[in-house]
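Step one of this worksheet: look at the structure below.
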Amino acid sequence: MSQSSAAHVTAAEISRIAGVTRATVSNWRRRHDDFPSPSGGTESSPLYDLEAVQAWLAARGHTTTAGPREEFRTALRLHAQGGAAGGTALLPLVLAASRHAPDDLTTFTELTDDDLAARATADAKALANTVPGSGTIRFTPADGAALRALLRCVRDEGGQAALGVLAERELEDSAASGTYQTPAQLADLAARLLPRSVGRVLDPACGSGTLLEAAARHGATELHGQDTLAVQAQRSAVGLLLETPHAEITVRDGDSLRADAFPGLTVDAVLCNPPYGDRDWGHDELAYDPRWAYGVPARAESELAWIQHALAHLIPGGWAVLILPPATATRASGRRVRAELLRSGAVRAVVALPAGAAPPLHVGLQLWVLQRPEPGGAERKSVLFIDTAGAAEGTAAGSEPGRPAVATRTGSARNPLNWTALSARTLTHWEAFATAPDAFTGEPAVARAVPVVDLLDDLVDLTPARQVRSSRTDIDPAELAARADTGRRELTEAAQSLVRAAGPTGWVAEGSSVKEWRTATASDLARGGALTLLRTVPDPKTPRADGGAASSPATSVLTGTDIASGSAPSGDPAELRAEAAPVIAAGDVLVRAVAGGTGPMARVADERDAGALLGPNVHLLRPDPTRLDPWFLAGFLDSEDNIAGASTGSTVLHVAPGRLRIPLMPLEEQRRYGEAFRHVHTLRAEARKAARLAEETAGLLAGGLTGGALIPPPPRPGSSAADSS
């Protein structure tokens with residue numbers, strides 16, 4: 001077997017390899033004279049010889065607890081030191097490996113470096129017509145370690161896990177800016193805005209392929225994608241072939257505006273989340289391009305170029321949904337093109353999303369629904385505007401879709417979005433408008449159909465918030481006053497519940513120093529039978545024909561967002577497709593698989609969660625109640641230090657559940673701590689409820705006062721107007 005140059009690892013990587021905390025590695029360095037000395041790096045960030053570290057760990061019986069995903073991530077960093085092929089070259093092999101049986105992958109890992117490199121080169125070449133750039137890839141024996149780590153990751157965790165690690169590293173190494181992944185929930189909403197009959201779909205800025213995957217889930221059978229970044233085109237091709245093997249897939253790299261890879265192609269629908277604010281999109285060389293049927297976009301209006309590019313690829317009557325920044329609807333430089341789009345009937349709806357719905361998270365993006373005009377088709381007299389940004393506070397709280405919304409700020413990590421409710425509200429209005437535009441009644445301050453003639457003013461402003469609030473005659477002052485009274489009463493009750501939850505008193509200090517416990521990892525407890533670790537893992541090799549989850553009476557899926565927001569399971573079982581999803585039982589401990597944001601990382605399943613399916617980004621720890629108290633377990637798993645010590649990755653932090661540490665103590669002592677953690681959970685829940693109701697009530701009162709539906713209450717007898725309340 002060919003030998004490569006010595007590989008070096010950091011102290012953090014040693015902790016992941018050994019399955020211990022970084023503090024433990026520091027202790028080893030101080031207390032053990034035979035611990036390997038640094039062989040590189042700096043004094044503040046030393047590097048250690050990997051083989052020497054592995055030998056030292058093996059001599060003391062420390063076996064690795066890092067999962068295949070983390071081992072692959074580490075192997076990629078080491079691969080950059082001595083590998084011949086870059087990380088991008090490994091992308092096609094994810095697809096090739098996923099087409100082999102697990103036993104075959106094990107056999108491949110046992111090949112010599114020379115034979116493995118030759119095998120990998122042949123597999124990549126075989127995908128030349130499927131994955132962009134794979135036909136020119138050549139591997140050498142120096143790539144052996146990375147190839148084996150990839151094969152083990154695909155074998156044990158699936159192709160998507162390996163694909164995610166590769167794409168994460170390549171995007172970090174690339175110099176591209178403004179590259180954002182479309183959230184799966186937003187991609188699903190965009191796909192559901194299309195008619196169910198679409199078969200051919202194009203995404204000219206496909207990125208990782210999230211929008212095309214969503215289209216395939218909703219019936220598309222022919223998928224076309226293009227992206228400027230070669231790594232994104234490769235990732236999209238591999239991901240789509242893993243997730244949608246039943247579809248016809250064509251992905252190309254290159255600049256769609258300057259070098260369209262699909263000239264002459266017309267499709268039923270276009271889904272796209274294009275680059276934003278790109279002033280170098282080709283304005284000068286494309287000035288006379290025939291795609292600009294609605295006017296030449298200004299240099300600052302790349303988004304309007306993407307809109308017209310999408311319309312040019314549609315069949316007459318075909319649909320497009322684009323995710324765009326809010327400036328597209330209002331910038332003065334784009335008003336002439338917007339006016340022509342309106343006059344032609346191409347703009348059907350504009351939906352405002354809350355800030356935080358998609359990167360860049362500080363901007364409230366918009367969904368533009370467009371339709372290519374049909375010669376002799378029906379006249380389109382109005383445009384639908386939906387403002388979910390203003391309605392999101394009620395949506396996140398699970399309010400009724402039919403109630404007028406409160407205009408408040410939301411959608412941040414502080415208040416995670418309830419995508420199920422937001423999508424339902426949007427689709428309800430869209431379907432009603434699409435079915436009968438002239439009869440659409442809308443929802444005050446949320447959804448309104450505006451005549452095209454009213455939009456063709458000097459500004460041609462298509463901002464939903466401006467359009468849905470442009471008429472105050474739809475507001476019923478009596479109903480608004482009644483809602484304000486109801487909101488104030490509910491807020492008072494919530495505040496009283498919060499005060500009760502703040503007790504009891506009697507918390508005492510441990511002493512002059514903090515208490516220390518002997519701990520064990522979740523993996524150790526699982527091996528000892530004290531708990532069971534479960535997770536929903538996709539299996540792309542066995543797709544279901546109906547696109548649904550395994551047969552189960554469950555009607556919902558518990559997601560990581562549900563844990564963070566404290567809401568009931570809100571996911572759709574149909575989205576699990578071929579995944580083997582465990583059914584949640586009361587007493588299970590649920591942990592978010594991705595760290596970050598705010599809100600709890602763990603919770604104990606109650607009757608509300610029982611029977612739901614486990615979401616793909618949630619870990620389930622099922623404790624033996626005779627040995628582990630679930631509230632005790634959840635409380636310590638939710639610790640910030642515990643989560644940090646078990647998280648791996650750089651851009652996205654994935655929680656390795658087996659590395660979470662739990663103190664070892666008698667069951668009775670566990671129950672005492674468990675009861676305290678239960679109290680903390682209740683306090684947090686009541687605080688979130690009171691804060692939500694306070695925001696809703698304040699927004700309702702402010703909106704009523706400024707909108708003219710409410711007037712200030714009269715001063716109390718004996719008080720001045722200044723101090724009345």
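Naming works like this for the structure tokens: A, B, ... for the chains as they're shown, residue 1 at the start of each chain, ligands 1 onward in shown order.
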- Item | Exercise: Ile315 of chain A partners within 10 Å, only C-alpha atoms, chain neighbours under 5 positions left out, as a list in words | Leu265, Thr266, Val267, Asp268, Ala269, Gln371, Arg372, Pro373 and Glu374 of chain A
- Message: Residues within 10 Å of Gly159 of chain A, please, as a PyMOL selection string. Count only C-alpha atoms; anything in the same chain fewer than 4 positions from it doesn't count.
- Response: chain A and resi 93-99+150-151+153-155+163-164+238-239+242-243+538-541
- Neighbour list for His429 of chain A as a PyMOL selection string, cut-off 9 Å, only C-alpha atoms, skip fewer than 6 positions in-chain: chain A and resi 384+386+440+442-443+447-448
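With only C-alpha atoms as the atoms that count, the residue of A:Asp624, A:Gln670, A:Gly144, A:Asn418 with the shortest distance to Ser570 of chain A is A:Asn418.
Between atom CA of Leu480 of chain A and atom CA of Ala389 of chain A the interatomic distance comes to 19.8 Å.
The protein and nucleic acid residues lying at most 9 Å from Gly704 of chain A are Pro477, Leu480, Ala481, Ala484, Leu710 and Ile711 of chain A, with only C-alpha atoms considered and sequence neighbours fewer than 6 positions away removed.
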Selection from above, N, CA and C atoms, as a CSV table (one decimal), in the first residue's frame, can you write it?
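Contents of part_27.csv, as written:
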chain,number,residue,atom,x,y,z
A,477,PRO,N,-63.8,48.3,13.0
A,477,PRO,CA,-63.3,48.8,14.3
A,477,PRO,C,-63.8,48.1,15.5
A,480,LEU,N,-61.9,44.8,15.8
A,480,LEU,CA,-60.5,45.1,16.3
A,480,LEU,C,-60.5,45.5,17.8
A,481,ALA,N,-61.5,46.2,18.2
A,481,ALA,CA,-61.6,46.6,19.7
A,481,ALA,C,-61.8,45.3,20.5
A,484,ALA,N,-58.6,43.4,20.7
A,484,ALA,CA,-57.7,44.1,21.6
A,484,ALA,C,-58.0,43.7,23.1
A,710,LEU,N,-59.1,52.4,16.2
A,710,LEU,CA,-59.2,52.6,17.7
A,710,LEU,C,-58.8,54.0,18.1
A,711,ILE,N,-59.4,54.4,19.2
A,711,ILE,CA,-59.1,55.7,19.7
A,711,ILE,C,-58.6,55.5,21.2
- Query: Can you tell me, as a PyMOL selection string, what residues are no more than 10 Å from Ile14 of chain A when counting only C-alpha atoms, ignoring any on the same chain fewer than 4 positions away?
  - Reply: chain A and resi 9-10+18-22+25+47-48+50+53-54+57+64+74
Would you mind exporting the chosen residues as a compact mmCIF listing (two decimals), in the first residue's frame, restricted to C-alpha atoms?
# COMPACT_ATOMS: atom_id res chain seq x y z
CA VAL A 9 -4.19 17.03 13.36
CA THR A 10 -5.17 19.79 15.78
CA ALA A 18 -11.07 10.12 20.82
CA GLY A 19 -14.63 11.15 21.63
CA VAL A 20 -13.63 13.39 24.54
CA THR A 21 -13.79 17.10 25.28
CA ARG A 22 -11.01 19.52 24.34
CA VAL A 25 -6.98 16.58 25.55
CA LEU A 47 -0.29 20.28 15.18
CA TYR A 48 0.35 16.63 16.05
CA LEU A 50 -1.81 11.65 13.36
CA VAL A 53 -1.66 10.22 18.29
CA GLN A 54 -3.53 7.12 17.11
CA LEU A 57 -4.70 6.38 22.05
CA THR A 64 -12.67 6.47 18.28
CA THR A 74 -11.23 15.30 9.23
- Message: Using DSSP assignments from the backbone, pull out every residue in segment 296-434 of chain A that falls under helix (DSSP H, G or I) and give it to me as a ChimeraX atom specification.
- Response: /A:302-312,326-329,332-344,388-396,419-434
- Message: If we count only C-alpha atoms and set the cut-off at 10 Å, which residues sit around segment 558-565 of chain A, ignoring sequence neighbours fewer than 5 positions away in its own chain? Please answer as a VMD selection string.
- Response: chain A and resid 396 to 397 413 to 419 570 to 573 583 to 584 590 to 605 609 to 619 685 688
I need the residues from that last selection saved to file as a JSON list (two decimals), in the first residue's frame (with C-alpha atoms), if you can.
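Saved file out18.json follows:
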[["chain", "number", "residue", "atom", "x", "y", "z"],
["A", 396, "ALA", "CA", -45.53, 31.61, 14.36],
["A", 397, "ALA", "CA", -47.84, 31.34, 17.30],
["A", 413, "ALA", "CA", -33.78, 33.05, 15.59],
["A", 414, "ARG", "CA", -35.47, 34.49, 18.67],
["A", 415, "ASN", "CA", -38.85, 33.46, 17.31],
["A", 416, "PRO", "CA", -38.52, 30.59, 14.79],
["A", 417, "LEU", "CA", -41.07, 30.55, 11.99],
["A", 418, "ASN", "CA", -43.89, 28.05, 11.89],
["A", 419, "TRP", "CA", -43.51, 27.16, 8.22],
["A", 570, "SER", "CA", -45.47, 20.60, 12.49],
["A", 571, "GLY", "CA", -43.66, 18.65, 9.75],
["A", 572, "ASP", "CA", -45.34, 16.80, 6.89],
["A", 573, "PRO", "CA", -44.92, 12.97, 6.89],
["A", 583, "VAL", "CA", -42.30, 6.92, 16.01],
["A", 584, "ILE", "CA", -41.91, 9.16, 19.07],
["A", 590, "LEU", "CA", -35.41, 14.79, 21.60],
["A", 591, "VAL", "CA", -32.27, 16.74, 20.61],
["A", 592, "ARG", "CA", -31.83, 19.07, 17.65],
["A", 593, "ALA", "CA", -29.21, 17.70, 15.24],
["A", 594, "VAL", "CA", -27.95, 21.14, 14.20],
["A", 595, "ALA", "CA", -26.67, 23.55, 16.84],
["A", 596, "GLY", "CA", -27.16, 27.29, 16.63],
["A", 597, "GLY", "CA", -29.82, 29.95, 17.00],
["A", 598, "THR", "CA", -31.76, 30.33, 20.18],
["A", 599, "GLY", "CA", -34.33, 28.26, 22.03],
["A", 600, "PRO", "CA", -33.94, 24.87, 23.67],
["A", 601, "MET", "CA", -31.75, 22.22, 22.07],
["A", 602, "ALA", "CA", -33.58, 19.35, 23.81],
["A", 603, "ARG", "CA", -36.97, 18.48, 25.25],
["A", 604, "VAL", "CA", -38.86, 15.56, 26.72],
["A", 605, "ALA", "CA", -41.62, 14.20, 24.49],
["A", 609, "ASP", "CA", -45.49, 14.59, 20.63],
["A", 610, "ALA", "CA", -46.37, 10.91, 21.09],
["A", 611, "GLY", "CA", -47.17, 9.19, 17.79],
["A", 612, "ALA", "CA", -45.40, 11.78, 15.62],
["A", 613, "LEU", "CA", -42.57, 10.71, 13.32],
["A", 614, "LEU", "CA", -39.01, 11.73, 14.10],
["A", 615, "GLY", "CA", -37.79, 14.46, 11.75],
["A", 616, "PRO", "CA", -34.54, 14.05, 9.78],
["A", 617, "ASN", "CA", -32.72, 16.74, 11.81],
["A", 618, "VAL", "CA", -33.59, 15.45, 15.28],
["A", 619, "HIS", "CA", -31.89, 12.82, 17.45],
["A", 685, "ALA", "CA", -42.51, 28.08, 28.04],
["A", 688, "ARG", "CA", -42.22, 32.65, 25.54]]
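Take atom CA of Thr648 of chain A and atom CA of Arg73 of chain A: the distance between them is 9.0 Å.
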